[in-house]
Each structure stands twice: as C-alpha cells, then as structure tokens.
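Structure file target.pdb; described as PDB, C-alpha atoms and all ligand atoms.
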```
ATOM      1  CA  MET A   1      -7.745  37.455 -12.099
ATOM      2  CA  GLU A   2      -7.337  33.774 -12.822
ATOM      3  CA  LEU A   3      -4.018  31.994 -12.454
ATOM      4  CA  THR A   4      -3.259  30.088 -15.623
ATOM      5  CA  THR A   5      -0.442  27.964 -16.876
ATOM      6  CA  SER A   6      -0.107  26.007 -20.095
ATOM      7  CA  CYS A   7      -0.458  22.299 -20.648
ATOM      8  CA  ILE A   8       2.949  20.673 -21.175
ATOM      9  CA  ARG A   9       1.559  18.467 -23.961
ATOM     10  CA  CYS A  10      -0.795  20.628 -26.048
ATOM     11  CA  HIS A  11       0.098  24.118 -24.688
ATOM     12  CA  THR A  12      -3.546  25.074 -24.074
ATOM     13  CA  ASN A  13      -4.000  27.516 -21.199
ATOM     14  CA  VAL A  14      -5.247  25.663 -18.132
ATOM     15  CA  ASP A  15      -6.064  26.758 -14.570
ATOM     16  CA  GLN A  16      -3.311  26.127 -12.053
ATOM     17  CA  THR A  17      -5.878  24.329  -9.921
ATOM     18  CA  ASP A  18      -6.768  21.839 -12.672
ATOM     19  CA  PHE A  19      -5.650  18.247 -12.235
ATOM     20  CA  TYR A  20      -6.147  17.410 -15.928
ATOM     21  CA  CYS A  21      -5.922  19.372 -19.182
ATOM     22  CA  ARG A  22      -9.449  19.964 -20.519
ATOM     23  CA  VAL A  23      -8.280  19.611 -24.111
ATOM     24  CA  CYS A  24      -5.958  16.603 -24.215
ATOM     25  CA  GLY A  25      -6.585  15.063 -20.785
ATOM     26  CA  LYS A  26      -2.916  15.214 -19.769
ATOM     27  CA  ASN A  27      -2.405  14.749 -16.031
ATOM     28  CA  LEU A  28      -1.136  18.219 -14.986
ATOM     29  CA  ARG A  29      -0.147  17.266 -11.471
ATOM     30  CA  ALA A  30      -0.469  14.149  -9.389
ATOM     31  CA  LYS A  31      -3.615  14.213  -7.310
ATOM     32  CA  PRO A  32      -2.577  14.132  -3.643
ATOM     33  CA  PRO A  33      -3.537  10.842  -1.991
ATOM     34  CA  SER A  34      -6.604  11.082   0.212
ATOM     35  CA  MET A  35      -6.199  11.784   3.944
ATOM     36  CA  ASP A  36      -9.843  11.002   4.662
ATOM     37  CA  PRO A  37     -10.119   8.878   7.860
ATOM     38  CA  PHE A  38     -12.066   6.101   6.145
ATOM     39  CA  THR A  39      -9.521   5.877   3.348
ATOM     40  CA  LEU A  40      -6.700   5.762   5.902
ATOM     41  CA  ALA A  41      -8.473   3.059   7.943
ATOM     42  CA  GLY A  42      -8.901   1.081   4.709
ATOM     43  CA  LEU A  43      -5.246   1.659   3.854
ATOM     44  CA  PHE A  44      -4.006   0.351   7.219
ATOM     45  CA  ILE A  45      -6.360  -2.654   7.228
ATOM     46  CA  GLY A  46      -5.424  -3.371   3.610
ATOM     47  CA  SER A  47      -1.725  -3.166   4.505
ATOM     48  CA  LEU A  48      -2.222  -5.802   7.209
ATOM     49  CA  LEU A  49      -4.406  -8.152   5.170
ATOM     50  CA  LEU A  50      -2.886  -7.791   1.678
ATOM     51  CA  PRO A  51       0.842  -7.433   2.486
ATOM     52  CA  PRO A  52       2.429  -6.783  -0.908
ATOM     53  CA  PHE A  53       0.019  -3.951  -1.795
ATOM     54  CA  GLY A  54       0.621  -2.020   1.427
ATOM     55  CA  ILE A  55       4.158  -1.207   0.265
ATOM     56  CA  PHE A  56       2.907   0.380  -3.005
ATOM     57  CA  TRP A  57       0.149   2.311  -1.243
ATOM     58  CA  GLY A  58       2.599   3.406   1.453
ATOM     59  CA  LEU A  59       5.176   4.604  -1.105
ATOM     60  CA  LYS A  60       2.515   6.738  -2.795
ATOM     61  CA  TYR A  61       2.031   8.575   0.510
ATOM     62  CA  ILE A  62       5.756   8.747   1.349
ATOM     63  CA  ARG A  63       6.438  10.504  -1.993
ATOM     64  CA  GLU A  64       4.137  13.400  -0.960
ATOM     65  CA  ASP A  65       5.712  16.607   0.333
ATOM     66  CA  ASN A  66       3.716  16.989   3.512
ATOM     67  CA  GLN A  67       4.819  15.354   6.773
ATOM     68  CA  GLN A  68       1.398  13.880   7.571
ATOM     69  CA  SER A  69       1.274  11.946   4.293
ATOM     70  CA  LYS A  70       4.822  10.685   4.844
ATOM     71  CA  LEU A  71       3.835   9.452   8.310
ATOM     72  CA  VAL A  72       0.784   7.666   6.869
ATOM     73  CA  GLY A  73       3.030   6.024   4.260
ATOM     74  CA  LEU A  74       5.547   4.903   6.875
ATOM     75  CA  ILE A  75       2.783   3.402   9.040
ATOM     76  CA  ALA A  76       1.331   1.561   6.026
ATOM     77  CA  CYS A  77       4.775   0.149   5.108
ATOM     78  CA  GLY A  78       5.440  -0.753   8.757
ATOM     79  CA  LEU A  79       2.123  -2.624   9.021
ATOM     80  CA  THR A  80       2.894  -4.417   5.757
ATOM     81  CA  ILE A  81       6.298  -5.564   7.011
ATOM     82  CA  LEU A  82       4.807  -6.664  10.365
ATOM     83  CA  SER A  83       2.129  -8.582   8.512
ATOM     84  CA  ILE A  84       4.744 -10.356   6.367
ATOM     85  CA  ILE A  85       6.789 -11.265   9.475
ATOM     86  CA  PHE A  86       3.688 -12.651  11.225
ATOM     87  CA  ALA A  87       2.731 -14.602   8.108
ATOM     88  CA  VAL A  88       6.211 -16.153   7.807
ATOM     89  CA  VAL A  89       6.489 -16.961  11.531
ATOM     90  CA  GLY A  90       2.914 -18.284  11.585
ATOM     91  CA  THR A  91       3.506 -20.482   8.537
ATOM     92  CA  MET A  92       6.713 -21.880  10.069
ATOM     93  CA  LYS A  93       4.902 -22.631  13.354
ATOM     94  CA  ILE A  94       2.045 -24.391  11.548
ATOM     95  CA  TYR A  95       4.534 -26.333   9.429
ATOM     96  CA  THR A  96       6.427 -27.461  12.560
ATOM     97  CA  ILE A  97       3.201 -28.533  14.304
ATOM     98  CA  VAL A  98       1.910 -30.399  11.249
ATOM     99  CA  SER A  99       5.220 -32.105  10.459
ATOM    100  CA  ASN A 100       5.708 -33.153  14.104
ATOM    101  CA  GLY A 101       2.154 -34.478  14.145
ATOM    102  CA  VAL A 102       2.712 -36.427  10.942
ATOM    103  CA  SER A 103       6.009 -37.942  12.081
ATOM    104  CA  ASN A 104       4.502 -38.927  15.442
ATOM    105  CA  LYS A 105       1.655 -40.679  13.640
ATOM    106  CA  LEU A 106       4.096 -42.406  11.282
ATOM    107  CA  GLN A 107       6.103 -43.690  14.240
ATOM    108  CA  GLU A 108       2.891 -44.953  15.872
ATOM    109  CA  TYR A 109       1.979 -46.888  12.731
ATOM    110  CA  GLN A 110       5.500 -48.235  12.313
ATOM    111  CA  GLY A 111       5.456 -49.411  15.932
ATOM    112  CA  LEU A 112       2.333 -51.493  15.369
TER     113      LEU A 112
HETATM  114 ZN    ZN A 201      -3.311  19.508 -22.951
END
```

Show the structure stored in the file as structure tokens.
Amino acid sequence: MELTTSCIRCHTNVDQTDFYCRVCGKNLRAKPPSMDPFTLAGLFIGSLLLPPFGIFWGLKYIREDNQQSKLVGLIACGLTILSIIFAVVGTMKIYTIVSNGVSNKLQEYQGL
C-alpha cells in the first residue's frame, strides 16, 4: 500500500514522500536543510566569513521543527553576530591607529 496525497496545484496524486509534484513541479514540502557535517562546517565558516548570509542560512535552520536544526541555526546566527562585532571593533581600531598615525605625521611636518 502506497501513501498518496494530491498536489495542491494540479491535484495529481503524488507520493507523500515526494518533494516535488511529478506533473507540474510544485514544491510539495520544503526540503529539510542538510545536517551533513561538511555542510554544517561550511555553514559555520561561511557565517564567520560572510556575515550577512549567515543570518539567512541560520534562519532556514531555525524554522525547522527539530531541535538539532534549531541549534545549528542559532549557532550560525551567533557566529554571524560575533563576526559583525569583530569586524566593527576591528575597523574602529584600524581607523584609530591610522588616524593617529596620520595626525602625528602631520604635526611632524608642521613642526619642520
Ligand atoms: Zn502538481
């Protein structure tokens, strides 16, 4: 016995396990985001290196029903926020160093 349901767009009978309708291609259910270790490693590294995207990727996981996916999403968002904080603090530090350096040099030249 096969479990079937009908496509919400074209009403063709489709398997409950199908992700897409074979007739019209309608997405029958969202594919769960991958929990494969390599994908997760990529997700966390990506969250650190490409801050704005980590939030979107993280939200995709947080929206899932299972606790593990939610945790993955929270970690990805956390890493993204940390990365943004480091970027802002780092930029401010560099700016301070550069602007102090420039004003010291200017004073040296003006003193000549
Ligand atoms: Zn269909």

Legend entry - Contacts to ligand ZN 201 (chain A) at 10 Å cut-off (all atoms listed in the file) as an MDAnalysis selection string: chainID A and resid 6:14 20:28

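Reported to one decimal place, the separation of CA of Ser83 in chain A from CA of Pro51 in chain A is 6.3 Å.
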
Inset, instruction - May I ask for the distance between CA of Gly78 in chain A and CA of Asp36 in chain A, given in Å to one decimal place? - result: 19.7 Å

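Closest approach to Lys70 in chain A among A:Gln110, A:Met35, A:Lys105, A:Ser47: A:Met35, based on only C-alpha atoms.
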
Inset, instruction - Select all residues near (1.0, 9.9, 8.6) (cut-off 12 Å, inclusive, file coordinates), counting all atoms listed in the file, and output them as number ranges by chain. - result: A: 33-37, 40-41, 43-44, 58-78

Those residues you just picked out, can you put them in a file as a PDB file, in the coordinates of the input with C-alpha atoms?
```
ATOM      1  CA  PRO A  33      -3.537  10.842  -1.991  1.00  0.00           C
ATOM      2  CA  SER A  34      -6.604  11.082   0.212  1.00  0.00           C
ATOM      3  CA  MET A  35      -6.199  11.784   3.944  1.00  0.00           C
ATOM      4  CA  ASP A  36      -9.843  11.002   4.662  1.00  0.00           C
ATOM      5  CA  PRO A  37     -10.119   8.878   7.860  1.00  0.00           C
ATOM      6  CA  LEU A  40      -6.700   5.762   5.902  1.00  0.00           C
ATOM      7  CA  ALA A  41      -8.473   3.059   7.943  1.00  0.00           C
ATOM      8  CA  LEU A  43      -5.246   1.659   3.854  1.00  0.00           C
ATOM      9  CA  PHE A  44      -4.006   0.351   7.219  1.00  0.00           C
ATOM     10  CA  GLY A  58       2.599   3.406   1.453  1.00  0.00           C
ATOM     11  CA  LEU A  59       5.176   4.604  -1.105  1.00  0.00           C
ATOM     12  CA  LYS A  60       2.515   6.738  -2.795  1.00  0.00           C
ATOM     13  CA  TYR A  61       2.031   8.575   0.510  1.00  0.00           C
ATOM     14  CA  ILE A  62       5.756   8.747   1.349  1.00  0.00           C
ATOM     15  CA  ARG A  63       6.438  10.504  -1.993  1.00  0.00           C
ATOM     16  CA  GLU A  64       4.137  13.400  -0.960  1.00  0.00           C
ATOM     17  CA  ASP A  65       5.712  16.607   0.333  1.00  0.00           C
ATOM     18  CA  ASN A  66       3.716  16.989   3.512  1.00  0.00           C
ATOM     19  CA  GLN A  67       4.819  15.354   6.773  1.00  0.00           C
ATOM     20  CA  GLN A  68       1.398  13.880   7.571  1.00  0.00           C
ATOM     21  CA  SER A  69       1.274  11.946   4.293  1.00  0.00           C
ATOM     22  CA  LYS A  70       4.822  10.685   4.844  1.00  0.00           C
ATOM     23  CA  LEU A  71       3.835   9.452   8.310  1.00  0.00           C
ATOM     24  CA  VAL A  72       0.784   7.666   6.869  1.00  0.00           C
ATOM     25  CA  GLY A  73       3.030   6.024   4.260  1.00  0.00           C
ATOM     26  CA  LEU A  74       5.547   4.903   6.875  1.00  0.00           C
ATOM     27  CA  ILE A  75       2.783   3.402   9.040  1.00  0.00           C
ATOM     28  CA  ALA A  76       1.331   1.561   6.026  1.00  0.00           C
ATOM     29  CA  CYS A  77       4.775   0.149   5.108  1.00  0.00           C
ATOM     30  CA  GLY A  78       5.440  -0.753   8.757  1.00  0.00           C
TER      31      GLY A  78
END
```

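Minimum atom-to-atom distance to Leu79 in chain A, evaluated using all atoms listed in the file, belongs to A:Leu50 out of A:Leu50, A:Gln107, A:Arg29, A:Thr96.
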
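Checking A:Thr17, A:Tyr95, A:Val89, A:Ile81 one by one against Thr4 in chain A, counting all atoms listed in the file, you find the shortest gap at A:Thr17.
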
Inset, instruction - Provide the CA of Asn100 in chain A to CA of Phe86 in chain A distance in Å, to one decimal place. - result: 20.8 Å

Legend entry - Closest of A:Val98, A:Phe56, A:Leu48, A:Tyr109 to Ile85 in chain A - atom-to-atom distances counting only C-alpha atoms: A:Leu48

Inset, instruction - Rank nothing, just name the residue among A:Ile84, A:Thr39, A:Glu108, A:Ala30 nearest to Ile55 in chain A, using all atoms listed in the file. - result: A:Ile84

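With distances restricted to all atoms listed in the file, A:Leu49 is the closest residue to Leu82 in chain A from A:Pro32, A:Phe19, A:Ile97, A:Leu49.
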
Show me that you can extract range 69-102 of chain A, keeping N, CA and C atoms, and write it as a PDB file, in the first residue's frame.
```pdb
ATOM      1  N   SER A  69      18.295  21.042  14.344  1.00  0.00           N
ATOM      2  CA  SER A  69      18.354  22.069  13.299  1.00  0.00           C
ATOM      3  C   SER A  69      18.282  23.465  13.906  1.00  0.00           C
ATOM      4  N   LYS A  70      17.403  23.631  14.903  1.00  0.00           N
ATOM      5  CA  LYS A  70      17.265  24.925  15.566  1.00  0.00           C
ATOM      6  C   LYS A  70      18.585  25.343  16.206  1.00  0.00           C
ATOM      7  N   LEU A  71      19.262  24.366  16.840  1.00  0.00           N
ATOM      8  CA  LEU A  71      20.543  24.639  17.485  1.00  0.00           C
ATOM      9  C   LEU A  71      21.571  25.081  16.443  1.00  0.00           C
ATOM     10  N   VAL A  72      21.608  24.363  15.321  1.00  0.00           N
ATOM     11  CA  VAL A  72      22.524  24.705  14.222  1.00  0.00           C
ATOM     12  C   VAL A  72      22.264  26.138  13.765  1.00  0.00           C
ATOM     13  N   GLY A  73      20.981  26.473  13.597  1.00  0.00           N
ATOM     14  CA  GLY A  73      20.599  27.822  13.164  1.00  0.00           C
ATOM     15  C   GLY A  73      21.033  28.880  14.154  1.00  0.00           C
ATOM     16  N   LEU A  74      20.849  28.591  15.452  1.00  0.00           N
ATOM     17  CA  LEU A  74      21.237  29.558  16.483  1.00  0.00           C
ATOM     18  C   LEU A  74      22.748  29.769  16.492  1.00  0.00           C
ATOM     19  N   ILE A  75      23.506  28.671  16.325  1.00  0.00           N
ATOM     20  CA  ILE A  75      24.972  28.785  16.284  1.00  0.00           C
ATOM     21  C   ILE A  75      25.390  29.632  15.082  1.00  0.00           C
ATOM     22  N   ALA A  76      24.783  29.352  13.919  1.00  0.00           N
ATOM     23  CA  ALA A  76      25.124  30.111  12.706  1.00  0.00           C
ATOM     24  C   ALA A  76      24.843  31.597  12.901  1.00  0.00           C
ATOM     25  N   CYS A  77      23.673  31.932  13.488  1.00  0.00           N
ATOM     26  CA  CYS A  77      23.333  33.344  13.725  1.00  0.00           C
ATOM     27  C   CYS A  77      24.286  33.956  14.754  1.00  0.00           C
ATOM     28  N   GLY A  78      24.621  33.184  15.789  1.00  0.00           N
ATOM     29  CA  GLY A  78      25.548  33.662  16.817  1.00  0.00           C
ATOM     30  C   GLY A  78      26.908  33.984  16.221  1.00  0.00           C
ATOM     31  N   LEU A  79      27.421  33.074  15.373  1.00  0.00           N
ATOM     32  CA  LEU A  79      28.720  33.288  14.728  1.00  0.00           C
ATOM     33  C   LEU A  79      28.669  34.520  13.832  1.00  0.00           C
ATOM     34  N   THR A  80      27.542  34.697  13.142  1.00  0.00           N
ATOM     35  CA  THR A  80      27.379  35.853  12.262  1.00  0.00           C
ATOM     36  C   THR A  80      27.456  37.149  13.062  1.00  0.00           C
ATOM     37  N   ILE A  81      26.737  37.176  14.197  1.00  0.00           N
ATOM     38  CA  ILE A  81      26.717  38.389  15.020  1.00  0.00           C
ATOM     39  C   ILE A  81      28.108  38.656  15.597  1.00  0.00           C
ATOM     40  N   LEU A  82      28.787  37.593  16.074  1.00  0.00           N
ATOM     41  CA  LEU A  82      30.157  37.741  16.580  1.00  0.00           C
ATOM     42  C   LEU A  82      31.067  38.319  15.504  1.00  0.00           C
ATOM     43  N   SER A  83      30.924  37.774  14.297  1.00  0.00           N
ATOM     44  CA  SER A  83      31.752  38.206  13.186  1.00  0.00           C
ATOM     45  C   SER A  83      31.524  39.685  12.888  1.00  0.00           C
ATOM     46  N   ILE A  84      30.264  40.122  12.942  1.00  0.00           N
ATOM     47  CA  ILE A  84      29.948  41.535  12.684  1.00  0.00           C
ATOM     48  C   ILE A  84      30.571  42.413  13.776  1.00  0.00           C
ATOM     49  N   ILE A  85      30.462  41.958  15.042  1.00  0.00           N
ATOM     50  CA  ILE A  85      31.034  42.735  16.155  1.00  0.00           C
ATOM     51  C   ILE A  85      32.550  42.863  15.970  1.00  0.00           C
ATOM     52  N   PHE A  86      33.210  41.733  15.666  1.00  0.00           N
ATOM     53  CA  PHE A  86      34.665  41.772  15.455  1.00  0.00           C
ATOM     54  C   PHE A  86      35.031  42.696  14.299  1.00  0.00           C
ATOM     55  N   ALA A  87      34.241  42.644  13.230  1.00  0.00           N
ATOM     56  CA  ALA A  87      34.524  43.480  12.064  1.00  0.00           C
ATOM     57  C   ALA A  87      34.409  44.957  12.427  1.00  0.00           C
ATOM     58  N   VAL A  88      33.361  45.312  13.184  1.00  0.00           N
ATOM     59  CA  VAL A  88      33.146  46.714  13.564  1.00  0.00           C
ATOM     60  C   VAL A  88      34.259  47.177  14.510  1.00  0.00           C
ATOM     61  N   VAL A  89      34.550  46.363  15.544  1.00  0.00           N
ATOM     62  CA  VAL A  89      35.583  46.728  16.508  1.00  0.00           C
ATOM     63  C   VAL A  89      36.942  46.814  15.804  1.00  0.00           C
ATOM     64  N   GLY A  90      37.222  45.834  14.946  1.00  0.00           N
ATOM     65  CA  GLY A  90      38.481  45.813  14.206  1.00  0.00           C
ATOM     66  C   GLY A  90      38.635  47.043  13.323  1.00  0.00           C
ATOM     67  N   THR A  91      37.564  47.393  12.610  1.00  0.00           N
ATOM     68  CA  THR A  91      37.597  48.561  11.728  1.00  0.00           C
ATOM     69  C   THR A  91      37.846  49.834  12.535  1.00  0.00           C
ATOM     70  N   MET A  92      37.176  49.947  13.707  1.00  0.00           N
ATOM     71  CA  MET A  92      37.354  51.131  14.542  1.00  0.00           C
ATOM     72  C   MET A  92      38.788  51.222  15.056  1.00  0.00           C
ATOM     73  N   LYS A  93      39.363  50.070  15.447  1.00  0.00           N
ATOM     74  CA  LYS A  93      40.748  50.040  15.929  1.00  0.00           C
ATOM     75  C   LYS A  93      41.707  50.485  14.826  1.00  0.00           C
ATOM     76  N   ILE A  94      41.523  49.915  13.625  1.00  0.00           N
ATOM     77  CA  ILE A  94      42.390  50.269  12.497  1.00  0.00           C
ATOM     78  C   ILE A  94      42.246  51.755  12.186  1.00  0.00           C
ATOM     79  N   TYR A  95      41.017  52.254  12.199  1.00  0.00           N
ATOM     80  CA  TYR A  95      40.769  53.659  11.909  1.00  0.00           C
ATOM     81  C   TYR A  95      41.496  54.545  12.918  1.00  0.00           C
ATOM     82  N   THR A  96      41.422  54.178  14.212  1.00  0.00           N
ATOM     83  CA  THR A  96      42.081  54.947  15.268  1.00  0.00           C
ATOM     84  C   THR A  96      43.593  54.959  15.053  1.00  0.00           C
ATOM     85  N   ILE A  97      44.155  53.766  14.758  1.00  0.00           N
ATOM     86  CA  ILE A  97      45.608  53.662  14.550  1.00  0.00           C
ATOM     87  C   ILE A  97      46.025  54.516  13.353  1.00  0.00           C
ATOM     88  N   VAL A  98      45.307  54.372  12.249  1.00  0.00           N
ATOM     89  CA  VAL A  98      45.654  55.105  11.030  1.00  0.00           C
ATOM     90  C   VAL A  98      45.497  56.614  11.257  1.00  0.00           C
ATOM     91  N   SER A  99      44.397  57.035  11.876  1.00  0.00           N
ATOM     92  CA  SER A  99      44.181  58.475  12.015  1.00  0.00           C
ATOM     93  C   SER A  99      45.175  59.083  13.018  1.00  0.00           C
ATOM     94  N   ASN A 100      45.539  58.320  14.067  1.00  0.00           N
ATOM     95  CA  ASN A 100      46.582  58.814  14.972  1.00  0.00           C
ATOM     96  C   ASN A 100      47.906  58.939  14.250  1.00  0.00           C
ATOM     97  N   GLY A 101      48.222  57.917  13.436  1.00  0.00           N
ATOM     98  CA  GLY A 101      49.461  57.916  12.672  1.00  0.00           C
ATOM     99  C   GLY A 101      49.522  59.108  11.743  1.00  0.00           C
ATOM    100  N   VAL A 102      48.421  59.368  11.054  1.00  0.00           N
ATOM    101  CA  VAL A 102      48.368  60.476  10.100  1.00  0.00           C
ATOM    102  C   VAL A 102      48.521  61.810  10.832  1.00  0.00           C
TER     103      VAL A 102
END
```
